[in-house]
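With PDB, C-alpha atoms, pLDDT in the B column inside, this is data_22.pdb:
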ATOM      1  CA  MET A   1       1.616   6.159 -23.663  1.00 41.00           C
ATOM      2  CA  SER A   2       2.797   4.213 -20.600  1.00 60.00           C
ATOM      3  CA  ILE A   3       4.286   6.295 -17.788  1.00 79.00           C
ATOM      4  CA  LEU A   4       6.597   3.460 -16.718  1.00 86.00           C
ATOM      5  CA  SER A   5       8.573   1.269 -19.077  1.00 89.00           C
ATOM      6  CA  GLU A   6       8.167  -2.480 -18.778  1.00 90.00           C
ATOM      7  CA  MET A   7      11.568  -2.794 -17.107  1.00 92.00           C
ATOM      8  CA  GLU A   8      10.755  -0.016 -14.618  1.00 92.00           C
ATOM      9  CA  ARG A   9       7.421  -1.648 -13.796  1.00 90.00           C
ATOM     10  CA  ASP A  10       9.158  -5.022 -13.305  1.00 91.00           C
ATOM     11  CA  ALA A  11      11.714  -3.375 -11.011  1.00 92.00           C
ATOM     12  CA  LEU A  12       8.957  -1.818  -8.876  1.00 91.00           C
ATOM     13  CA  THR A  13       7.153  -5.157  -8.716  1.00 90.00           C
ATOM     14  CA  GLU A  14      10.378  -6.801  -7.522  1.00 91.00           C
ATOM     15  CA  ILE A  15      10.888  -4.106  -4.882  1.00 92.00           C
ATOM     16  CA  PHE A  16       7.363  -4.418  -3.523  1.00 90.00           C
ATOM     17  CA  ASN A  17       7.538  -8.199  -3.559  1.00 90.00           C
ATOM     18  CA  VAL A  18      10.577  -7.941  -1.289  1.00 92.00           C
ATOM     19  CA  GLY A  19       8.611  -5.551   0.934  1.00 91.00           C
ATOM     20  CA  ALA A  20       5.614  -7.889   0.964  1.00 89.00           C
ATOM     21  CA  GLY A  21       7.870 -10.762   2.026  1.00 90.00           C
ATOM     22  CA  ARG A  22       9.233  -8.740   4.934  1.00 91.00           C
ATOM     23  CA  ALA A  23       5.737  -7.672   5.996  1.00 90.00           C
ATOM     24  CA  ALA A  24       4.417 -11.240   5.813  1.00 88.00           C
ATOM     25  CA  LEU A  25       7.250 -12.469   8.053  1.00 89.00           C
ATOM     26  CA  SER A  26       6.526  -9.779  10.663  1.00 88.00           C
ATOM     27  CA  LEU A  27       2.773 -10.428  10.562  1.00 84.00           C
ATOM     28  CA  SER A  28       3.335 -14.190  10.864  1.00 85.00           C
ATOM     29  CA  GLU A  29       5.187 -13.594  14.138  1.00 83.00           C
ATOM     30  CA  ILE A  30       2.278 -11.492  15.459  1.00 79.00           C
ATOM     31  CA  VAL A  31      -0.561 -13.872  14.587  1.00 76.00           C
ATOM     32  CA  GLY A  32       1.425 -17.053  15.237  1.00 76.00           C
ATOM     33  CA  ASP A  33       0.515 -18.522  11.871  1.00 78.00           C
ATOM     34  CA  GLU A  34       1.639 -18.271   8.277  1.00 82.00           C
ATOM     35  CA  VAL A  35       0.761 -15.005   6.556  1.00 83.00           C
ATOM     36  CA  ARG A  36       1.118 -14.593   2.808  1.00 84.00           C
ATOM     37  CA  LEU A  37       1.219 -11.259   1.035  1.00 83.00           C
ATOM     38  CA  SER A  38       1.487 -10.898  -2.704  1.00 79.00           C
ATOM     39  CA  VAL A  39       1.944  -7.902  -4.964  1.00 69.00           C
ATOM     40  CA  PRO A  40       0.770  -9.145  -8.358  1.00 66.00           C
ATOM     41  CA  SER A  41       0.355  -5.845 -10.149  1.00 81.00           C
ATOM     42  CA  VAL A  42       1.671  -2.287 -10.288  1.00 85.00           C
ATOM     43  CA  GLU A  43       0.161   0.563 -12.276  1.00 83.00           C
ATOM     44  CA  VAL A  44       0.374   4.353 -12.392  1.00 86.00           C
ATOM     45  CA  LEU A  45      -2.859   6.334 -12.785  1.00 82.00           C
ATOM     46  CA  ARG A  46      -4.058   9.897 -12.639  1.00 79.00           C
ATOM     47  CA  THR A  47      -5.789  10.573  -9.304  1.00 73.00           C
ATOM     48  CA  ARG A  48      -9.093  11.126 -11.111  1.00 69.00           C
ATOM     49  CA  ASP A  49      -8.971   7.554 -12.476  1.00 72.00           C
ATOM     50  CA  VAL A  50      -8.557   5.787  -9.130  1.00 68.00           C
ATOM     51  CA  ASP A  51     -12.261   5.658  -8.246  1.00 64.00           C
ATOM     52  CA  GLU A  52     -13.059   4.224 -11.677  1.00 60.00           C
ATOM     53  CA  ARG A  53     -10.574   1.357 -11.137  1.00 62.00           C
ATOM     54  CA  ILE A  54     -11.107   0.619  -7.444  1.00 63.00           C
ATOM     55  CA  MET A  55     -14.055   2.269  -5.708  1.00 59.00           C
ATOM     56  CA  PRO A  56     -17.040   1.041  -7.755  1.00 52.00           C
ATOM     57  CA  SER A  57     -16.031  -2.612  -7.379  1.00 56.00           C
ATOM     58  CA  VAL A  58     -16.240  -2.519  -3.576  1.00 59.00           C
ATOM     59  CA  PRO A  59     -19.440  -1.432  -1.782  1.00 66.00           C
ATOM     60  CA  GLY A  60     -19.471  -0.100   1.772  1.00 75.00           C
ATOM     61  CA  ARG A  61     -16.777   1.816   3.621  1.00 84.00           C
ATOM     62  CA  PHE A  62     -12.994   1.561   3.539  1.00 84.00           C
ATOM     63  CA  ALA A  63     -10.560   1.275   6.426  1.00 86.00           C
ATOM     64  CA  THR A  64      -7.506   3.329   5.465  1.00 89.00           C
ATOM     65  CA  VAL A  65      -4.074   3.618   7.042  1.00 91.00           C
ATOM     66  CA  SER A  66      -1.872   6.379   5.661  1.00 91.00           C
ATOM     67  CA  GLN A  67       1.681   7.622   6.140  1.00 92.00           C
ATOM     68  CA  LYS A  68       3.531  10.477   4.516  1.00 92.00           C
ATOM     69  CA  PHE A  69       7.162  10.026   3.595  1.00 92.00           C
ATOM     70  CA  ASP A  70       9.908  12.180   2.205  1.00 93.00           C
ATOM     71  CA  GLY A  71      13.373  11.800   0.789  1.00 93.00           C
ATOM     72  CA  PRO A  72      14.627  12.070  -2.804  1.00 93.00           C
ATOM     73  CA  PHE A  73      10.906  12.101  -3.652  1.00 90.00           C
ATOM     74  CA  ASP A  74       7.861  12.819  -1.477  1.00 90.00           C
ATOM     75  CA  ALA A  75       4.590  10.887  -1.377  1.00 89.00           C
ATOM     76  CA  GLU A  76       1.712   9.730   0.775  1.00 89.00           C
ATOM     77  CA  ALA A  77       1.115   5.990   1.112  1.00 90.00           C
ATOM     78  CA  VAL A  78      -2.474   4.843   1.727  1.00 88.00           C
ATOM     79  CA  LEU A  79      -3.422   1.246   2.538  1.00 88.00           C
ATOM     80  CA  LEU A  80      -7.074   0.425   1.743  1.00 86.00           C
ATOM     81  CA  PHE A  81      -9.220  -2.480   2.966  1.00 85.00           C
ATOM     82  CA  THR A  82     -12.995  -2.690   3.180  1.00 82.00           C
ATOM     83  CA  GLU A  83     -14.162  -2.098   6.759  1.00 80.00           C
ATOM     84  CA  GLU A  84     -15.515  -5.656   7.053  1.00 79.00           C
ATOM     85  CA  ARG A  85     -12.226  -7.138   5.851  1.00 78.00           C
ATOM     86  CA  ALA A  86     -10.303  -4.861   8.216  1.00 79.00           C
ATOM     87  CA  LEU A  87     -12.210  -6.226  11.221  1.00 77.00           C
ATOM     88  CA  GLU A  88     -11.534  -9.795  10.070  1.00 77.00           C
ATOM     89  CA  ILE A  89      -7.825  -8.966   9.943  1.00 77.00           C
ATOM     90  CA  VAL A  90      -8.024  -7.501  13.456  1.00 77.00           C
ATOM     91  CA  ARG A  91      -9.680 -10.689  14.717  1.00 77.00           C
ATOM     92  CA  ASP A  92      -6.871 -12.772  13.220  1.00 75.00           C
ATOM     93  CA  MET A  93      -4.270 -10.466  14.765  1.00 75.00           C
ATOM     94  CA  MET A  94      -5.951 -10.603  18.198  1.00 74.00           C
ATOM     95  CA  GLY A  95      -6.203 -14.400  18.007  1.00 68.00           C
ATOM     96  CA  SER A  96      -9.591 -14.335  19.703  1.00 66.00           C
ATOM     97  CA  GLN A  97     -13.106 -15.586  19.183  1.00 69.00           C
ATOM     98  CA  MET A  98     -14.638 -12.149  19.736  1.00 69.00           C
ATOM     99  CA  SER A  99     -17.454 -10.977  17.511  1.00 69.00           C
ATOM    100  CA  LEU A 100     -16.729  -8.280  14.943  1.00 64.00           C
ATOM    101  CA  ASP A 101     -18.704  -5.815  17.082  1.00 70.00           C
ATOM    102  CA  GLU A 102     -16.543  -6.562  20.136  1.00 72.00           C
ATOM    103  CA  LEU A 103     -13.378  -6.213  18.078  1.00 70.00           C
ATOM    104  CA  ALA A 104     -14.328  -2.733  16.875  1.00 71.00           C
ATOM    105  CA  GLU A 105     -12.749  -1.116  19.951  1.00 74.00           C
ATOM    106  CA  PHE A 106      -9.363  -2.615  19.006  1.00 78.00           C
ATOM    107  CA  GLU A 107      -9.729  -1.706  15.331  1.00 79.00           C
ATOM    108  CA  ARG A 108      -7.757   1.557  15.253  1.00 83.00           C
ATOM    109  CA  GLU A 109      -4.731   0.297  17.185  1.00 85.00           C
ATOM    110  CA  ALA A 110      -4.530  -3.019  15.340  1.00 84.00           C
ATOM    111  CA  MET A 111      -4.994  -1.482  11.889  1.00 85.00           C
ATOM    112  CA  CYS A 112      -2.360   1.173  12.601  1.00 88.00           C
ATOM    113  CA  GLU A 113       0.009  -1.648  13.557  1.00 87.00           C
ATOM    114  CA  LEU A 114      -0.887  -3.597  10.403  1.00 85.00           C
ATOM    115  CA  GLY A 115      -0.486  -0.518   8.218  1.00 88.00           C
ATOM    116  CA  ASN A 116       2.782   0.411   9.879  1.00 89.00           C
ATOM    117  CA  ILE A 117       4.180  -3.077   9.234  1.00 89.00           C
ATOM    118  CA  ILE A 118       3.115  -3.245   5.574  1.00 89.00           C
ATOM    119  CA  LEU A 119       3.929   0.359   4.658  1.00 90.00           C
ATOM    120  CA  ASN A 120       7.290   0.406   6.413  1.00 91.00           C
ATOM    121  CA  ALA A 121       8.239  -2.958   4.920  1.00 91.00           C
ATOM    122  CA  CYS A 122       7.537  -1.627   1.422  1.00 90.00           C
ATOM    123  CA  LEU A 123       9.300   1.673   2.077  1.00 91.00           C
ATOM    124  CA  SER A 124      12.337   0.011   3.656  1.00 93.00           C
ATOM    125  CA  ALA A 125      12.613  -2.374   0.689  1.00 93.00           C
ATOM    126  CA  MET A 126      12.442   0.590  -1.668  1.00 93.00           C
ATOM    127  CA  ALA A 127      15.061   2.487   0.334  1.00 94.00           C
ATOM    128  CA  ASP A 128      17.412  -0.509   0.547  1.00 95.00           C
ATOM    129  CA  MET A 129      17.187  -1.542  -3.096  1.00 95.00           C
ATOM    130  CA  LEU A 130      17.326   1.985  -4.520  1.00 95.00           C
ATOM    131  CA  ASP A 131      20.037   2.984  -2.016  1.00 94.00           C
ATOM    132  CA  ILE A 132      18.159   6.026  -0.729  1.00 95.00           C
ATOM    133  CA  THR A 133      16.867   7.324   2.628  1.00 95.00           C
ATOM    134  CA  LEU A 134      13.133   7.706   3.237  1.00 93.00           C
ATOM    135  CA  ASN A 135      11.596   9.239   6.351  1.00 93.00           C
ATOM    136  CA  SER A 136       7.985   8.459   7.291  1.00 90.00           C
ATOM    137  CA  SER A 137       5.340   9.887   9.597  1.00 92.00           C
ATOM    138  CA  LEU A 138       3.306   7.938  12.135  1.00 90.00           C
ATOM    139  CA  PRO A 139       0.392   5.952  10.665  1.00 90.00           C
ATOM    140  CA  HIS A 140      -3.046   7.578  10.598  1.00 90.00           C
ATOM    141  CA  TYR A 141      -6.224   5.460  10.591  1.00 91.00           C
ATOM    142  CA  VAL A 142      -9.676   6.493   9.423  1.00 90.00           C
ATOM    143  CA  VAL A 143     -12.809   4.794   8.056  1.00 87.00           C
ATOM    144  CA  SER A 144     -14.204   6.545   4.984  1.00 85.00           C
ATOM    145  CA  SER A 145     -16.801   6.093   2.270  1.00 82.00           C
ATOM    146  CA  PRO A 146     -15.632   5.656  -1.344  1.00 77.00           C
ATOM    147  CA  ALA A 147     -16.847   9.202  -2.071  1.00 77.00           C
ATOM    148  CA  GLU A 148     -14.807  10.611   0.833  1.00 80.00           C
ATOM    149  CA  ILE A 149     -11.688   8.788  -0.366  1.00 76.00           C
ATOM    150  CA  SER A 150     -12.188  10.066  -3.920  1.00 73.00           C
ATOM    151  CA  THR A 151     -12.511  13.609  -2.557  1.00 74.00           C
ATOM    152  CA  ARG A 152      -9.370  13.133  -0.478  1.00 69.00           C
ATOM    153  CA  LEU A 153      -7.387  11.869  -3.456  1.00 67.00           C
ATOM    154  CA  ALA A 154      -8.591  14.791  -5.550  1.00 66.00           C
ATOM    155  CA  THR A 155      -7.590  17.390  -2.944  1.00 63.00           C
ATOM    156  CA  GLY A 156      -4.876  19.511  -4.453  1.00 55.00           C
ATOM    157  CA  GLU A 157      -5.089  17.526  -7.677  1.00 55.00           C
ATOM    158  CA  THR A 158      -3.510  19.042 -10.757  1.00 55.00           C
ATOM    159  CA  ASP A 159      -2.806  17.712 -14.204  1.00 55.00           C
ATOM    160  CA  ASP A 160       0.528  16.403 -12.930  1.00 63.00           C
ATOM    161  CA  THR A 161      -0.771  14.429  -9.921  1.00 75.00           C
ATOM    162  CA  TYR A 162      -0.359  10.660 -10.089  1.00 82.00           C
ATOM    163  CA  VAL A 163      -1.018   7.588  -7.985  1.00 83.00           C
ATOM    164  CA  LEU A 164       1.022   4.416  -7.928  1.00 86.00           C
ATOM    165  CA  VAL A 165      -1.477   1.597  -7.248  1.00 84.00           C
ATOM    166  CA  LEU A 166      -0.632  -1.902  -6.000  1.00 84.00           C
ATOM    167  CA  HIS A 167      -3.194  -4.654  -5.558  1.00 82.00           C
ATOM    168  CA  ILE A 168      -2.545  -6.722  -2.422  1.00 81.00           C
ATOM    169  CA  ASP A 169      -3.677 -10.237  -1.535  1.00 82.00           C
ATOM    170  CA  LEU A 170      -3.309 -10.985   2.184  1.00 79.00           C
ATOM    171  CA  VAL A 171      -3.906 -14.525   3.472  1.00 81.00           C
ATOM    172  CA  ILE A 172      -4.032 -15.343   7.192  1.00 75.00           C
ATOM    173  CA  GLU A 173      -4.900 -18.985   7.926  1.00 69.00           C
ATOM    174  CA  LYS A 174      -8.083 -19.644   5.915  1.00 63.00           C
ATOM    175  CA  HIS A 175      -9.002 -15.999   5.404  1.00 71.00           C
ATOM    176  CA  ARG A 176      -8.121 -14.233   2.196  1.00 76.00           C
ATOM    177  CA  THR A 177      -8.354 -10.463   1.993  1.00 78.00           C
ATOM    178  CA  ASP A 178      -7.667  -8.147  -0.885  1.00 77.00           C
ATOM    179  CA  GLY A 179      -6.784  -4.488  -0.618  1.00 80.00           C
ATOM    180  CA  HIS A 180      -4.903  -1.720  -2.335  1.00 81.00           C
ATOM    181  CA  LEU A 181      -1.760   0.204  -1.537  1.00 86.00           C
ATOM    182  CA  ILE A 182      -1.778   3.655  -3.110  1.00 85.00           C
ATOM    183  CA  PHE A 183       1.119   6.093  -3.339  1.00 87.00           C
ATOM    184  CA  LEU A 184       0.166   9.701  -4.137  1.00 86.00           C
ATOM    185  CA  LEU A 185       2.935  11.450  -6.082  1.00 86.00           C
ATOM    186  CA  SER A 186       3.359  14.701  -7.945  1.00 84.00           C
ATOM    187  CA  SER A 187       4.954  14.522 -11.389  1.00 84.00           C
ATOM    188  CA  THR A 188       8.196  15.806  -9.832  1.00 88.00           C
ATOM    189  CA  SER A 189       8.196  12.991  -7.260  1.00 90.00           C
ATOM    190  CA  LEU A 190       7.248  10.418  -9.899  1.00 89.00           C
ATOM    191  CA  ASN A 191      10.125  11.595 -12.080  1.00 90.00           C
ATOM    192  CA  GLY A 192      12.412  11.286  -9.061  1.00 92.00           C
ATOM    193  CA  LEU A 193      11.255   7.721  -8.459  1.00 92.00           C
ATOM    194  CA  VAL A 194      11.738   6.825 -12.131  1.00 92.00           C
ATOM    195  CA  ALA A 195      15.255   8.316 -12.083  1.00 93.00           C
ATOM    196  CA  HIS A 196      16.221   6.109  -9.132  1.00 94.00           C
ATOM    197  CA  LEU A 197      14.642   3.075 -10.794  1.00 94.00           C
ATOM    198  CA  GLN A 198      16.738   3.733 -13.894  1.00 94.00           C
ATOM    199  CA  ARG A 199      19.884   4.039 -11.768  1.00 94.00           C
ATOM    200  CA  TYR A 200      18.969   0.756 -10.025  1.00 94.00           C
ATOM    201  CA  LEU A 201      18.432  -0.999 -13.379  1.00 94.00           C
ATOM    202  CA  HIS A 202      21.711   0.388 -14.753  1.00 91.00           C
ATOM    203  CA  LYS A 203      23.571  -0.941 -11.707  1.00 89.00           C
ATOM    204  CA  ILE A 204      22.018  -4.397 -12.199  1.00 87.00           C
ATOM    205  CA  GLN A 205      22.987  -4.457 -15.872  1.00 84.00           C
ATOM    206  CA  LEU A 206      26.603  -3.687 -14.962  1.00 78.00           C
ATOM    207  CA  THR A 207      26.878  -6.611 -12.532  1.00 70.00           C
TER     208      THR A 207
END
Rewrite the structure of this file - the entire thing - as structure tokens.
Amino acid sequence: MSILSEMERDALTEIFNVGAGRAALSLSEIVGDEVRLSVPSVEVLRTRDVDERIMPSVPGRFATVSQKFDGPFDAEAVLLFTEERALEIVRDMMGSQMSLDELAEFEREAMCELGNIILNACLSAMADMLDITLNSSLPHYVVSSPAEISTRLATGETDDTYVLVLHIDLVIEKHRTDGHLIFLLSSTSLNGLVAHLQRYLHKIQLT
């Protein structure tokens, strides 16, 4: 049984596409070149299923930027890129010809900025379109192995813990990077999100 209806999934996709557009515009101004961000898919999984869908397909370590937010529903947003891809993004953002090793010292600051732009763009789009207020924490950056991320996602896991997973394609100049944006939600928070999606869809149908 699907947790989200087709209309609710389409509404979330629309919301995150708006957020991706805002993030791409902000990133384009930083790097001085066109940046494209797409959100082609949205799915809701149990936390225990995330590693089966994402982790095995990508070897090596992940660069993660996370923010907690609260409002009508609470969640933690986690942006995932492979460490190698993260350094390539940093190089594009710095606009330099430095080697990946030299760029490592700028990695944390640049990735926090990238994560802050993408996460806040998505959250602000959600807040605007659902007519709600969301408050967020400062971004936190860490490099972790797939096993460490799986353990982190499972911390405090219960039968009613879910993740909202978005696949992201990020293109800067000739570089194309894929990543994932994960929202950790309890069943209560997921129900709260669904309720606001239904209200949003009802409002659209009336116009």
Worksheet entry | A:Arg176 surroundings by only C-alpha atoms, 10 Å radius, close-in-sequence under 5 positions cut, as a list in words |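 After dropping sequence-adjacent residues, the list is Val35, Arg36, Leu37, Arg85, Glu88, Ile89, Asp169, Leu170 and Val171 of chain A.
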Practice prompt. Grab the atom CA of A:His196 to atom CA of A:Phe69 distance for me, in Å with one decimal place.
Written response: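 It comes out at 16.1 Å.
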Discussion item. Selection in question (the file shown): the PyMOL selection byres ((chain A and resi 6) around 12). Which residues does it include, as number ranges by chain?
Written reply: A: 1-5, 7-13, 42-43, 194, 197-198, 201
Could you please take those selected residues and save C-alpha atoms as a PDB file, keeping the file's coordinate frame?
ATOM      1  CA  MET A   1       1.616   6.159 -23.663  1.00 41.00           C
ATOM      2  CA  SER A   2       2.797   4.213 -20.600  1.00 60.00           C
ATOM      3  CA  ILE A   3       4.286   6.295 -17.788  1.00 79.00           C
ATOM      4  CA  LEU A   4       6.597   3.460 -16.718  1.00 86.00           C
ATOM      5  CA  SER A   5       8.573   1.269 -19.077  1.00 89.00           C
ATOM      6  CA  MET A   7      11.568  -2.794 -17.107  1.00 92.00           C
ATOM      7  CA  GLU A   8      10.755  -0.016 -14.618  1.00 92.00           C
ATOM      8  CA  ARG A   9       7.421  -1.648 -13.796  1.00 90.00           C
ATOM      9  CA  ASP A  10       9.158  -5.022 -13.305  1.00 91.00           C
ATOM     10  CA  ALA A  11      11.714  -3.375 -11.011  1.00 92.00           C
ATOM     11  CA  LEU A  12       8.957  -1.818  -8.876  1.00 91.00           C
ATOM     12  CA  THR A  13       7.153  -5.157  -8.716  1.00 90.00           C
ATOM     13  CA  VAL A  42       1.671  -2.287 -10.288  1.00 85.00           C
ATOM     14  CA  GLU A  43       0.161   0.563 -12.276  1.00 83.00           C
ATOM     15  CA  VAL A 194      11.738   6.825 -12.131  1.00 92.00           C
ATOM     16  CA  LEU A 197      14.642   3.075 -10.794  1.00 94.00           C
ATOM     17  CA  GLN A 198      16.738   3.733 -13.894  1.00 94.00           C
ATOM     18  CA  LEU A 201      18.432  -0.999 -13.379  1.00 94.00           C
TER      19      LEU A 201
END
Item to complete: May I have the protein, DNA and RNA residues with any atom at most 7 Å from the point (-8.7, -5.8, 11.9), counting only C-alpha atoms, written as a PyMOL selection string?
Response: chain A and resi 86-91+107+110-111
Practice prompt. For atom CA of A:Ser38 and atom CA of A:Ala63, determine how far apart the two atoms are, in Å to one decimal place.
Written response: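 A separation of 19.4 Å between them.
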Worksheet item: Quick one: which residues end up in the PyMOL selection byres ((chain A and resi 118) around 12) for this structure, as a count of residues only?
Response: 43
Worksheet entry | Option closest in space to A:Met94, from A:Leu193, A:Leu206, A:Ile30, A:Ile15 [counting only C-alpha atoms] |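 Closest candidate: A:Ile30.
Comparing the minimum interatomic distances between A:Phe81 and each of A:Ala127, A:Leu185, A:Val44, A:Val143, counting all atoms listed in the file, we find that A:Val143 sits nearest.
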Item to complete: Using all atoms listed in the file, pick whichever of A:Glu105, A:Glu83, A:Asp178, A:Glu76 has the shortest atom-to-atom distance to A:Pro146.
Response: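 Closest residue, counting all atoms listed in the file: A:Glu83.
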Practice prompt. State, in Å with one decimal place, the distance from atom CA of A:Asp128 to atom CA of A:Glu14.
Written response: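 So the two atoms, atom CA of A:Asp128 and atom CA of A:Glu14, lie 12.4 Å apart.
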Around stretch 112-124 of chain A, fit a box with edges along x, y and z, padding it by 3 Å on each side, then list its centre and edge lengths in Å to one decimal as lines of an AutoDock Vina configuration file.
center_x = 5.0
center_y = -1.0
center_z = 7.5
size_x = 20.7
size_y = 11.3
size_z = 18.1
Fill in: Of the listed residues A:Asp92, A:Asp49, A:Glu29, A:Asp74, that which approaches A:Thr177 most closely, counting all atoms listed in the file
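Among the listed residues, A:Asp92 lies closest to A:Thr177.
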